[in-house]
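Written below as structure tokens is the structure these notes are about.
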Amino acid sequence: MSVEIRGIWKHFGRFAAVKGIDFAVEKGKLIGLLGPSGSGKTTVLRLLAGLEIPDAGEICFDGRSVTGDPPQKRRIGLVFQHYALFPHMTVFENIAFGLRVQKRSDREIEARVRDLLELVGLSGLERRFPQELSGGQKQRVAFARALAPEPELLLLDEPFAALDAQVRKSLRAWLRDMVRRLGLTTIFVTHDQEEAVEMADELLVMNEGRLEQQGPPLEVYRRPRTPFVARFLGESIEIPRPSSLKGFGHVDPHALAFVRPEFIEVGDPHERRDLPSETGIVQGVHFRGREWQVEVAVAGKTLPVYLPSEQQVPRPGDEVRVYIRRLYVFQDEKMAVVENENALQPRYPARHQGPTADGSAEVPRGNPTPQASARRR
Amino acid sequence: MEAGLLLLPGLLRGLRVTLEVFVLGAMLALGLSFAVGLLRLSRFPIVRTLATAYVEFFRGTSLLIQLFWLYYALPFFGVELSALAAGVLGLGLNYGAYGSEVVRSAIRSVPKGQWEAAIALNLSPLVRFRRVILPQAWPLMLPPFGNLLIELLKGTSLVSMITLGDMTFQAMSLRTTYARYEVPLFLLLLVLYFLIATATSAIVRRLERRARVGRSA
């Protein structure tokens with residue numbers, strides 16, 4: 001099922017939760033609706049489900065307006081953050097319940113529930129009650145129940161928020177594979193960037209009731225359309241007066257500029273003094289397992305730099321040379337990726353080989369992948 | 001021993017009436033509890049207002065005065081009720097008002113997600129209520145309903161004031177005849193009320209246990 005939202009507004013009293021947003025979702029896509037608390041993402045999901053009615057605008061499924069339709073007419077499956085399983089019913093009854101309402105035969109119900117239990121990997125647990133299951137198992141039952149009536153659109157409200165990190169990771173991969181296998185259009189709400197980036201074919205980034213950007217995770221990460229997206233997705237540090245940085249004299253000093261950790265390289269202050277680099281003082285060094293996070297004070301800002309755990313790292317108080325290779329610069333509603341004008345080659349041994357923000361084959365230090373950068377937030 | 005043989009037959013005659021008033025009053029109260037409790041959750045303000053007015057009136061006035069009105073005052077308006085009908089109606093209306101609050105709060109305490117999950121599964125409002133909401137609200141209602149039933153049982157003693165021959169009425173009659181057995185008489189009356197209350201509590205507890213099957217206690 002394809003989904004389209006046109007000019008949707010939703011108020012709660014005098015508070016506008018959703019402010020005239022538009023977006024379209026292709027059939028079979030897995031969409032991450034991402035944003036901070038209070039950004040309106042859950043309201044959008046509830047509007048799609050029919051649990052809320054918009055004040056203005058239109059919601060279309062497969063080109064047909066469903067704006068005034070009740071939830072039961074929308075062919076949707078809904079999975080809640082806290083599962084909302086019926087505590088007085090067994091796993092089997094929970095999954096079968098929607099099918100009984102459809103007046104399916106007992107044999108058909110039995111077969112469908114067995115198939116779904118197998119699909120979600122819970123065969124043998126059909127006689128248990130919800131409180132006899134772990135969090136991950138409850139969430140799988142909730143998925144199975146939502147899928148039972150064969151919906152054309154699956155809506156998930158922070159589906160993994162109530163689970164611990166380990167279970168969350170395994171369920172993310174499982175859900176992504178399952179949804180792709182079923183070819184089911186799915187929209188999930190999350191405030192967890194790593195989750196969104198890892199699972200979604202496309203991201204919808206929301207803030208204060210507005211849609212800030214829509215696009216594939218890599219594109220949204222590498223080409224943030226607004227300062228909010230740059231700040232929210234991954235790790236970005238705002239640079240005041242960017243023109244004061246060496247190699248960025250051509251940037252408007254009043255522009256809003258951001259740097260990501262993977263745009264920064266650090267090196268020994270005594271080597272290659274000819275580089276267009278800044279002098280920085282190491283403020284702190286934190287071990288993060290696979291890497292070190294080195295905090296360096298440069299031009300009145302503390303910048304995080306990530307180094308491989310096997311690499312020797314400077315100590316707090318050490319002086320280092322800091323080379324900033326590129327900035328995101330926002331001016332007049334436009335974003336530009338601005339390269340350091342003095343050099344385009346990496347000055348120090350890089351950790352990763354991979355494409356850069358503008359798609360060239362230059363090698364950034366730190367994490368070029370959105371997953372890795374998002375992980376550090 | 002002699003006192004027991006003299007007093008028990010009269011009290012047992014009253015016991016039959018007490019149980020009759022208790023059971024019929026409880027049935028009416030339960031029916032009203034659900035009806036009014038649900039009306040108080042209505043989408044329509046006028047319905048909510050009328051239901052609230054009923055609850056506030058019957059909770060805010062004395063049961064004894066309500067019984068007097070039903071039995072002694074209504075005939076002046078052309079409505080004549082038997083003592084039994086007035087007693088059952090008075091108890092039912094009074095405790096139904098309290099019970100409606102139990103129903104309303106139990107239904108409202110079912111998490112919103114349960115309602116929405118039921119909506120998303122394409123359930124009609126009736127099926128939604130009967131199969132999803134009520135089975136979860138019912139265990140929450142039972143303990144306060146148990147308390148109300150015992151209150152109602154104790155309230156049945158007031159029907160003696162409208163000439164109904166319940167246990168209390170019989171005890172007062174026996175007291176005039178056997179004045180010297182006043183202490184054993186009222187002790188026996190106390191024991192009989194206590195036994196009915198204990199039996200009621202046991203039934204409610206059993207219902208609670210059954211209602212909790214498949215749920216974390």
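A note on labels: chains of the structure tokens are A, B, ... as shown, every chain counts residues from 1, and ligands are counted from 1 in their shown order.
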Might you pull out every residue within 9 Å of range 187-192 of chain B, with only C-alpha atoms counted and same-chain residues fewer than 2 positions away left off, and present them as a ChimeraX atom specification?
-> /B:4,7-8,11,15,167-168,171,182-185,194-197
Write out as a count of residues only every residue belonging to chain A that has an atom at most 9 Å from any atom of chain B, counting only C-alpha atoms.
-> 36
What lies within 12 Å of Ser170 in chain A using only C-alpha atoms, ignoring chain neighbours under 5 positions off, as a list of chain:residue names?
->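 The residues that qualify are A:Gly136, A:Gln137, A:Arg140, A:Phe160, A:Leu163, A:Asp164, A:Ala165, A:Leu175, A:Arg176, A:Asp177, A:Glu195, A:Glu198, A:Met199.
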Name all residues at most 12 Å from Ser201 in chain B (count only C-alpha atoms; drop same-chain ones fewer than 6 positions away) and give them as an MDAnalysis selection string.
-> chainID B and resid 142:151 153 194:195 207:208
Which residues come within 7 Å of range 30-47 of chain A, counting only C-alpha atoms, excluding same-chain residues fewer than 3 positions away, as a short mmCIF file (atom, residue, chain, number, x, y, z; two decimals) with C-alpha atoms, in the first residue's frame?
```
data_model
loop_
_atom_site.label_atom_id
_atom_site.label_comp_id
_atom_site.auth_asym_id
_atom_site.auth_seq_id
_atom_site.Cartn_x
_atom_site.Cartn_y
_atom_site.Cartn_z
CA ALA A 17 1.28 18.95 17.27
CA VAL A 18 1.50 18.58 13.48
CA GLY A 50 -7.19 6.72 12.36
CA LEU A 51 -6.88 7.00 16.14
CA GLU A 52 -6.76 10.78 15.68
CA ILE A 53 -8.61 12.85 13.08
CA PRO A 54 -6.68 15.68 11.39
CA LEU A 155 2.46 0.97 11.96
CA ASP A 157 5.05 3.09 17.73
CA THR A 185 4.67 -1.07 3.76
CA THR A 186 5.83 -0.28 7.29
CA ILE A 187 6.20 2.98 9.18
CA PHE A 188 7.90 2.95 12.55
CA VAL A 189 8.30 5.78 15.03
CA THR A 190 11.56 6.11 16.92
CA HIS A 191 13.77 8.68 18.60
CA ALA A 196 16.24 4.45 12.36
CA ALA A 200 14.81 2.19 7.43
CA ASP A 201 14.81 2.40 3.65
CA GLU A 202 13.87 6.01 4.11
CA LEU A 203 13.83 8.47 6.99
CA LEU A 204 11.29 11.15 7.78
CA VAL A 205 12.92 13.52 10.26
CA MET A 206 10.46 15.58 12.29
CA ASN A 207 10.87 18.51 14.63
CA GLU A 208 8.22 20.61 16.39
CA GLY A 209 5.42 19.28 14.21
#
```
Surrounding residues of Ala96 in chain A excluding itself and chain neighbours under 5 positions, 8 Å, only C-alpha atoms, as JSON, numbers by chain = {"A": [109, 110, 113, 145, 148]}
Counting only C-alpha atoms, the residue of A:Ile281, A:Tyr328, A:Glu118, A:Pro314 that sits nearest Thr302 in chain A =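 Among the listed residues, the smallest separation from Thr302 in chain A belongs to A:Ile281.
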